[in-house]
>>> print(open('run-v4.tsv').read())   # TSV, C-alpha atoms
chain	number	residue	atom	x	y	z
A	1	MET	CA	142.33	-33.33	107.71
A	2	SER	CA	145.63	-35.21	107.26
A	3	GLU	CA	145.93	-33.41	103.94
A	4	PHE	CA	145.82	-30.13	105.84
A	5	PHE	CA	148.59	-31.23	108.21
A	6	SER	CA	150.74	-32.61	105.41
A	7	MET	CA	150.63	-29.24	103.59
A	8	SER	CA	151.55	-30.84	100.25
A	9	GLY	CA	154.51	-32.48	101.99
A	10	TYR	CA	155.92	-29.27	103.48
A	11	GLY	CA	154.30	-29.79	106.90
A	12	ILE	CA	157.56	-31.00	108.43
A	13	TYR	CA	159.03	-27.53	107.79
A	14	LEU	CA	155.86	-25.45	108.03
A	15	TRP	CA	154.58	-26.56	111.44
A	16	PRO	CA	157.88	-26.16	113.31
A	17	ALA	CA	158.14	-22.65	111.81
A	18	PHE	CA	154.66	-21.73	113.07
A	19	ALA	CA	155.44	-23.32	116.44
A	20	LEU	CA	158.57	-21.16	116.67
A	21	GLY	CA	156.73	-17.97	115.68
A	22	ILE	CA	153.79	-18.54	118.02
A	23	GLY	CA	156.19	-19.69	120.75
A	24	VAL	CA	158.16	-16.44	120.53
A	25	VAL	CA	154.91	-14.43	120.61
A	26	VAL	CA	153.68	-16.22	123.76
A	27	LEU	CA	157.12	-16.23	125.43
A	28	ASN	CA	157.61	-12.48	125.01
A	29	LEU	CA	154.23	-11.72	126.52
A	30	VAL	CA	154.91	-14.01	129.49
A	31	MET	CA	158.40	-12.55	130.01
A	32	ALA	CA	157.05	-8.98	129.89
A	33	LEU	CA	154.30	-9.79	132.44
A	34	ASN	CA	156.84	-11.53	134.70
A	35	SER	CA	159.19	-8.60	134.52
A	36	LEU	CA	156.36	-6.21	135.47
A	37	SER	CA	155.20	-8.39	138.35
A	38	ASN	CA	158.78	-8.63	139.70
A	39	ALA	CA	159.27	-4.88	139.41
A	40	ARG	CA	156.01	-4.27	141.29
A	41	LYS	CA	157.02	-6.72	144.04
A	42	ASP	CA	160.45	-5.07	144.40
A	43	ALA	CA	158.93	-1.62	144.58
A	44	ARG	CA	156.45	-2.74	147.24
A	45	ARG	CA	159.20	-4.41	149.29
A	46	ARG	CA	161.31	-1.24	149.20
A	47	LEU	CA	158.38	0.88	150.31
A	48	GLU	CA	157.69	-1.44	153.24
A	49	MET	CA	161.34	-1.34	154.31
A	50	ASN	CA	161.47	2.45	154.12
A	51	SER	CA	158.23	3.33	155.86
A	52	PRO	CA	158.66	3.44	159.68
A	53	GLU	CA	154.92	3.75	160.42
A	54	GLU	CA	154.32	0.26	159.12
A	55	THR	CA	157.16	-1.41	161.00
A	56	ALA	CA	156.43	0.38	164.30
B	1	MET	CA	152.63	24.87	121.56
B	2	ALA	CA	150.22	21.94	121.68
B	3	THR	CA	152.90	19.63	120.33
B	4	TRP	CA	155.22	20.52	123.17
B	5	THR	CA	152.59	19.90	125.85
B	6	TRP	CA	152.15	16.46	124.33
B	7	PHE	CA	155.89	15.87	124.22
B	8	HIS	CA	156.34	16.91	127.83
B	9	ARG	CA	153.49	14.74	129.02
B	10	PHE	CA	155.06	11.69	127.37
B	11	GLY	CA	158.30	12.60	129.10
B	12	SER	CA	156.68	12.24	132.51
B	13	PRO	CA	157.17	8.75	134.03
B	14	PRO	CA	153.90	8.67	136.03
B	15	TYR	CA	151.91	9.84	133.02
B	16	MET	CA	153.54	7.21	130.79
B	17	TYR	CA	153.00	4.53	133.42
B	18	GLY	CA	149.27	5.28	133.50
B	19	PHE	CA	149.12	5.54	129.72
B	20	ALA	CA	150.82	2.14	129.36
B	21	ARG	CA	148.52	0.53	131.89
B	22	ARG	CA	145.42	1.85	130.11
B	23	TRP	CA	146.41	0.97	126.56
B	24	ALA	CA	148.36	-2.32	126.72
B	25	PRO	CA	145.23	-4.53	127.15
B	26	TRP	CA	143.54	-2.91	124.14
B	27	PHE	CA	146.54	-3.34	121.85
B	28	GLY	CA	147.01	-6.89	123.11
B	29	GLY	CA	143.35	-7.84	122.73
B	30	VAL	CA	143.02	-6.51	119.19
B	31	ALA	CA	146.36	-8.13	118.27
B	32	ALA	CA	145.26	-11.57	119.53
B	33	PHE	CA	141.97	-11.36	117.64
B	34	ALA	CA	143.65	-10.22	114.42
B	35	MET	CA	146.32	-12.92	114.74
B	36	LEU	CA	143.72	-15.69	114.95
B	37	ILE	CA	141.84	-14.42	111.89
B	38	ALA	CA	145.08	-13.98	109.94
B	39	LEU	CA	146.20	-17.53	110.88
B	40	TYR	CA	142.92	-18.96	109.60
B	41	GLY	CA	143.13	-16.83	106.46
B	42	GLY	CA	146.73	-17.81	105.79
B	43	LEU	CA	146.61	-21.51	106.62
B	44	VAL	CA	143.09	-22.39	105.46
B	45	LEU	CA	141.52	-19.80	103.17
B	46	ALA	CA	144.48	-18.70	101.03
B	47	PRO	CA	144.96	-20.86	97.91
B	48	GLU	CA	148.26	-22.68	97.44
B	49	ASP	CA	151.02	-21.09	95.41
B	50	TYR	CA	151.55	-22.44	91.90
B	51	GLN	CA	155.31	-22.76	92.44
B	52	GLN	CA	155.88	-23.25	96.16
B	53	LYS	CA	152.61	-25.11	96.85
B	54	ASP	CA	151.82	-24.93	100.58
B	55	ALA	CA	155.38	-23.98	101.53
B	56	PHE	CA	154.58	-20.35	100.66
B	57	ARG	CA	152.43	-20.24	103.84
B	58	MET	CA	155.72	-19.75	105.70
B	59	VAL	CA	155.32	-16.11	104.73
B	60	TYR	CA	152.56	-15.64	107.35
B	61	VAL	CA	154.97	-16.27	110.20
B	62	HIS	CA	158.32	-15.38	108.62
B	63	ALA	CA	157.53	-11.94	107.17
B	64	PRO	CA	155.80	-10.57	110.33
B	65	SER	CA	158.74	-11.77	112.48
B	66	ALA	CA	161.25	-10.18	110.13
B	67	TRP	CA	159.16	-6.98	110.02
B	68	LEU	CA	159.20	-6.76	113.82
B	69	SER	CA	162.93	-7.43	113.97
B	70	LEU	CA	163.50	-4.29	111.85
B	71	MET	CA	160.65	-2.17	113.20
B	72	VAL	CA	161.61	-2.79	116.82
B	73	TYR	CA	165.24	-1.88	116.11
B	74	THR	CA	164.16	1.34	114.41
B	75	THR	CA	161.88	2.18	117.35
B	76	MET	CA	164.76	1.47	119.72
B	77	ALA	CA	167.17	3.72	117.79
B	78	VAL	CA	164.65	6.58	117.52
B	79	ALA	CA	163.83	6.34	121.24
B	80	ALA	CA	167.55	6.26	122.08
B	81	ALA	CA	168.13	9.36	119.92
B	82	VAL	CA	165.24	11.23	121.58
B	83	GLY	CA	166.67	10.21	124.95
B	84	LEU	CA	170.12	11.51	124.06
B	85	ILE	CA	169.01	14.77	122.45
B	86	TRP	CA	166.34	15.83	124.95
B	87	ARG	CA	167.78	13.96	127.97
B	88	MET	CA	164.47	12.21	128.33
B	89	LYS	CA	164.48	9.31	130.79
B	90	VAL	CA	161.24	7.81	129.48
B	91	ALA	CA	162.71	7.59	125.97
B	92	HIS	CA	165.74	5.69	127.28
B	93	ALA	CA	163.35	3.37	129.13
B	94	VAL	CA	161.47	2.73	125.87
B	95	ALA	CA	164.73	1.89	124.08
B	96	ALA	CA	165.78	-0.50	126.84
B	97	ALA	CA	162.35	-2.18	126.77
B	98	CYS	CA	162.59	-2.74	122.99
B	99	ALA	CA	165.81	-4.74	122.92
B	100	PRO	CA	164.83	-8.20	124.23
B	101	VAL	CA	161.64	-8.24	122.16
B	102	GLY	CA	163.53	-7.28	119.01
B	103	ALA	CA	166.18	-9.91	119.65
B	104	TRP	CA	163.56	-12.63	120.02
B	105	PHE	CA	161.82	-11.71	116.79
B	106	THR	CA	165.16	-11.67	114.99
B	107	VAL	CA	165.64	-15.24	116.23
B	108	ALA	CA	162.12	-16.07	114.97
B	109	ALA	CA	162.84	-14.48	111.57
B	110	LEU	CA	166.11	-16.40	111.21
B	111	GLY	CA	164.63	-19.69	112.45
B	112	THR	CA	161.51	-19.59	110.28
B	113	GLY	CA	163.68	-18.47	107.37
B	114	MET	CA	165.93	-21.51	107.80
B	115	LEU	CA	162.89	-23.79	107.83
B	116	TRP	CA	161.71	-22.13	104.61
B	117	GLY	CA	165.19	-22.18	103.05
B	118	LYS	CA	165.70	-25.91	103.44
B	119	PRO	CA	162.82	-27.07	101.16
B	120	MET	CA	163.12	-24.13	98.72
B	121	TRP	CA	166.89	-23.60	98.39
B	122	GLY	CA	168.10	-26.97	99.65
B	123	ALA	CA	169.98	-25.52	102.61
B	124	TYR	CA	169.09	-24.21	106.05
B	125	TRP	CA	171.72	-21.54	105.86
B	126	VAL	CA	173.67	-19.75	103.13
B	127	TRP	CA	175.96	-16.75	103.57
B	128	ASP	CA	173.63	-14.60	101.56
B	129	PRO	CA	173.50	-10.77	101.99
B	130	ARG	CA	169.95	-10.84	103.42
B	131	LEU	CA	170.65	-13.66	105.88
B	132	THR	CA	174.04	-12.30	106.91
B	133	SER	CA	172.77	-8.76	107.53
B	134	GLU	CA	169.85	-10.15	109.57
B	135	LEU	CA	172.33	-12.16	111.65
B	136	ILE	CA	174.31	-8.95	112.24
B	137	LEU	CA	171.05	-7.40	113.49
B	138	LEU	CA	170.84	-10.15	116.11
B	139	PHE	CA	174.41	-9.37	117.22
B	140	LEU	CA	173.54	-5.67	117.44
B	141	TYR	CA	170.67	-6.51	119.80
B	142	PHE	CA	173.01	-8.72	121.85
B	143	GLY	CA	175.62	-5.97	121.91
B	144	TYR	CA	173.06	-3.43	123.07
B	145	MET	CA	171.78	-5.67	125.86
B	146	GLY	CA	175.28	-6.73	126.87
B	147	LEU	CA	176.43	-3.12	127.07
B	148	ARG	CA	173.44	-2.17	129.23
B	149	ALA	CA	173.99	-5.16	131.51
B	150	GLY	CA	177.67	-4.32	131.87
B	151	ILE	CA	177.23	-0.74	133.10
B	152	GLU	CA	175.93	-0.37	136.64
B	153	ASP	CA	174.96	3.31	136.47
B	154	THR	CA	171.66	3.64	134.58
B	155	ALA	CA	172.38	7.12	133.17
B	156	LYS	CA	175.74	5.98	131.79
B	157	ALA	CA	174.24	2.75	130.43
B	158	ASP	CA	171.52	4.82	128.72
B	159	LYS	CA	174.06	7.04	126.96
B	160	ALA	CA	176.50	4.34	125.88
B	161	SER	CA	173.79	1.98	124.64
B	162	ALA	CA	171.99	4.82	122.84
B	163	VAL	CA	175.12	5.54	120.79
B	164	LEU	CA	175.38	1.86	119.83
B	165	ALA	CA	171.68	1.71	118.90
B	166	ILE	CA	171.97	4.82	116.70
B	167	VAL	CA	175.13	3.69	114.93
B	168	GLY	CA	173.65	0.24	114.35
B	169	VAL	CA	170.57	1.63	112.63
B	170	VAL	CA	172.54	1.81	109.34
B	171	ASN	CA	172.07	-1.96	109.21
B	172	VAL	CA	168.28	-1.58	108.86
B	173	PRO	CA	168.23	-0.19	105.28
B	174	ILE	CA	171.03	-2.62	104.41
B	175	ILE	CA	168.78	-5.54	105.39
B	176	LYS	CA	165.76	-4.05	103.65
B	177	TYR	CA	167.51	-3.38	100.34
B	178	SER	CA	170.03	-6.24	100.45
B	179	VAL	CA	167.84	-8.25	98.06
B	180	GLU	CA	167.98	-5.46	95.48
B	181	TRP	CA	171.58	-4.28	95.90
B	182	TRP	CA	173.24	-7.67	95.72
B	183	ASN	CA	172.55	-11.00	94.10
B	184	SER	CA	170.50	-12.81	96.67
B	185	LEU	CA	168.76	-16.13	96.88
B	186	HIS	CA	166.14	-14.38	98.96
B	187	GLN	CA	163.09	-13.21	97.06
B	188	VAL	CA	162.43	-9.48	96.73
B	189	ALA	CA	159.58	-7.74	98.58
B	190	SER	CA	156.13	-8.63	97.30
B	191	VAL	CA	153.98	-6.62	99.72
B	192	MET	CA	156.15	-4.14	101.62
B	193	LYS	CA	157.04	-2.00	98.65
B	194	LEU	CA	155.76	1.01	96.80
B	195	GLY	CA	153.57	0.55	93.77
B	196	LYS	CA	151.75	-2.54	92.66
B	197	PRO	CA	152.04	-5.56	94.96
B	198	THR	CA	152.89	-8.83	93.24
B	199	MET	CA	150.73	-11.01	95.45
B	200	ASN	CA	147.13	-12.00	94.86
B	201	TRP	CA	144.58	-10.46	97.26
B	202	ASP	CA	143.48	-13.88	98.64
B	203	MET	CA	147.05	-14.45	99.78
B	204	ARG	CA	147.79	-10.82	100.62
B	205	TRP	CA	145.06	-9.91	103.11
B	206	PRO	CA	146.08	-12.52	105.74
B	207	LEU	CA	149.67	-11.27	105.47
B	208	LEU	CA	148.69	-7.62	105.85
B	209	LEU	CA	146.48	-8.52	108.81
B	210	MET	CA	149.28	-10.55	110.40
B	211	LEU	CA	151.72	-7.64	109.97
B	212	LEU	CA	149.19	-5.36	111.69
B	213	ALA	CA	148.60	-7.94	114.45
B	214	PHE	CA	152.34	-8.30	115.15
B	215	THR	CA	152.73	-4.52	115.26
B	216	LEU	CA	149.88	-4.12	117.77
B	217	TYR	CA	151.24	-7.05	119.77
B	218	PHE	CA	154.62	-5.31	119.95
B	219	ALA	CA	152.92	-2.13	121.19
B	220	ALA	CA	151.27	-4.14	124.00
B	221	VAL	CA	154.46	-5.95	125.03
B	222	LEU	CA	156.49	-2.72	124.84
B	223	LEU	CA	154.02	-0.91	127.12
B	224	ILE	CA	154.13	-3.75	129.68
B	225	ARG	CA	157.93	-3.78	129.63
B	226	LEU	CA	158.00	0.01	129.84
B	227	ARG	CA	155.99	-0.09	133.07
B	228	ALA	CA	158.50	-2.52	134.60
B	229	GLU	CA	161.39	-0.39	133.36
B	230	LEU	CA	159.86	2.82	134.81
B	231	LEU	CA	159.22	1.18	138.20
B	232	ARG	CA	162.86	0.10	138.43
B	233	ARG	CA	164.24	3.46	137.37
B	234	GLU	CA	161.91	5.56	139.49
B	235	ARG	CA	161.99	3.43	142.61
B	236	ASN	CA	162.61	6.47	144.82
B	237	ALA	CA	159.88	8.63	143.29
B	238	SER	CA	156.70	9.30	145.24
B	239	TRP	CA	154.37	8.32	142.38
B	240	VAL	CA	155.60	4.72	142.63
B	241	ARG	CA	153.96	4.38	146.07
B	242	GLU	CA	150.58	5.25	144.60
B	243	VAL	CA	150.74	2.80	141.73
B	244	VAL	CA	152.02	-0.29	143.56
B	245	THR	CA	150.03	-0.13	146.78
>>> encode(input="run-v4.tsv", output="structure tokens")
Amino acid sequence: MSEFFSMSGYGIYLWPAFALGIGVVVLNLVMALNSLSNARKDARRRLEMNSPEETA
Amino acid sequence: MATWTWFHRFGSPPYMYGFARRWAPWFGGVAAFAMLIALYGGLVLAPEDYQQKDAFRMVYVHAPSAWLSLMVYTTMAVAAAVGLIWRMKVAHAVAAACAPVGAWFTVAALGTGMLWGKPMWGAYWVWDPRLTSELILLFLYFGYMGLRAGIEDTAKADKASAVLAIVGVVNVPIIKYSVEWWNSLHQVASVMKLGKPTMNWDMRWPLLLMLLAFTLYFAAVLLIRLRAELLRRERNASWVREVVT
């Protein structure tokens, strides 16, 4: 197992690189979902402000 | 005739919004599954390289990131051109949605490349044609996003940023062929080229699968971002009421 993590001595470069790659993959998905959820909230808020039947 | 019906449908924001909502989970799900298999194939099943030993496994994260950095830019430039030529709002929205994703994968390509460069070349960074042109790509993404952020009016921002995206696309073939045109420390393509690949199948299939996985992942993220982009642009349209309530 430790042989796997050492990666013939290149683990100190290899694992940070994979962490960076996987991190960017996860981060971009999270940012996209956040951006969508914010846009949906904004749109809903605008609709509520502009519809008199709901405020009356 | 049929082609134009298709083209017009994709130009309709509510149609695209529904299309994106339907397809993003499928692209994302298949991408996640393929990524896990490719990771196992690349890190565990593939034999070590006779020269680079286990350091060659960098390729499974570096090459797909670099591929996306170029592919996303090309997608962005094509979408921007379609937006300019046919005055298509959805195409401009696609271009705008591409930029942050492309920038992040350029960062990933540069970062993983530095971590590969240190043990193989003895330096994190060299002013090599491949590295320098990839860094210019990052600045093009920054320029595109900065330009968009700096112009209040969406229609004007679309036009100005589209011109920048289209002009900048000349950098894409420069990056791709930099390793052949100039003396470069960077190795030449071993998979993404015509003719016989120079990589053994045991090492090649996880890479091909990872390239496919990253591409599908990008499709999923792009569709999610496109929905957000369409909601912001079309906030006064009646279809928005139906999709958010």
>>> residues_around(input="run-v4.tsv", residues="stretch 36-44 of chain B", least_positions_apart="2", cutoff="7 Å", atoms="only C-alpha atoms", output="MDAnalysis selection string")
chainID B and resid 32:34 46 57 60 203 206:207 209:210
>>> closest_atom_pairs(input="run-v4.tsv", of="chain B", to="chain A", cutoff="8 Å", atoms="all atoms listed in the file", output="CSV")
residue,atom,partner,partner_atom,distance
B:Lys53,CA,A:Ser8,CA,6.7
B:Asp54,CA,A:Met7,CA,5.4
B:Ala55,CA,A:Tyr10,CA,5.7
B:Arg57,CA,A:Leu14,CA,7.5
B:Met58,CA,A:Leu14,CA,6.2
B:Val61,CA,A:Gly21,CA,6.0
B:His62,CA,A:Gly21,CA,7.7
B:Ser65,CA,A:Gly21,CA,7.3
B:Val101,CA,A:Asn28,CA,6.5
B:Trp104,CA,A:Val24,CA,6.6
B:Phe105,CA,A:Val24,CA,7.1
B:Ala108,CA,A:Gly21,CA,5.8
B:Gly111,CA,A:Ala17,CA,7.2
B:Thr112,CA,A:Ala17,CA,4.8
B:Leu115,CA,A:Tyr13,CA,5.4
B:Trp116,CA,A:Tyr13,CA,6.8
B:Pro119,CA,A:Tyr10,CA,7.6
B:Val221,CA,A:Leu29,CA,6.0
B:Ile224,CA,A:Ala32,CA,6.0
B:Arg225,CA,A:Ala32,CA,5.3
B:Arg227,CA,A:Leu36,CA,6.6
B:Ala228,CA,A:Leu36,CA,4.4
B:Glu229,CA,A:Ala39,CA,7.8
B:Leu231,CA,A:Ala39,CA,6.2
B:Arg232,CA,A:Ala39,CA,6.2
B:Arg235,CA,A:Ala43,CA,6.2
B:Val240,CA,A:Ala43,CA,7.4
B:Arg241,CA,A:Leu47,CA,7.1
B:Val244,CA,A:Arg40,CA,6.1
B:Thr245,CA,A:Arg44,CA,6.9
>>> atom_distance(input="run-v4.tsv", atom1="atom CA of B:Met199", atom2="atom CA of B:Leu70")
21.8 Å
>>> residues_around(input="run-v4.tsv", residues="stretch 86-89 of chain B", least_positions_apart="2", cutoff="9 Å", atoms="all atoms listed in the file", output="VMD selection string")
chain B and resid 11 to 13 81 to 84 91 to 94 155 158 230 233
>>> atom_distance(input="run-v4.tsv", atom1="atom CA of B:Leu138", atom2="atom CA of B:Phe56")
24.6 Å
>>> closest_residue(input="run-v4.tsv", among="B:Pro129, B:Phe214, B:Lys196, B:Leu137", to="A:Val26", atoms="only C-alpha atoms")
B:Phe214
>>> atom_distance(input="run-v4.tsv", atom1="atom CA of B:Pro64", atom2="atom CA of B:Val30")
16.1 Å
>>> closest_residue(input="run-v4.tsv", among="B:Phe218, B:Trp205, B:Trp121, B:Tyr141", to="B:Pro25", atoms="all atoms listed in the file")
B:Phe218
>>> closest_residue(input="run-v4.tsv", among="B:Leu226, B:Ala66, B:Leu208, B:Val59", to="B:Ala95", atoms="only C-alpha atoms")
B:Leu226
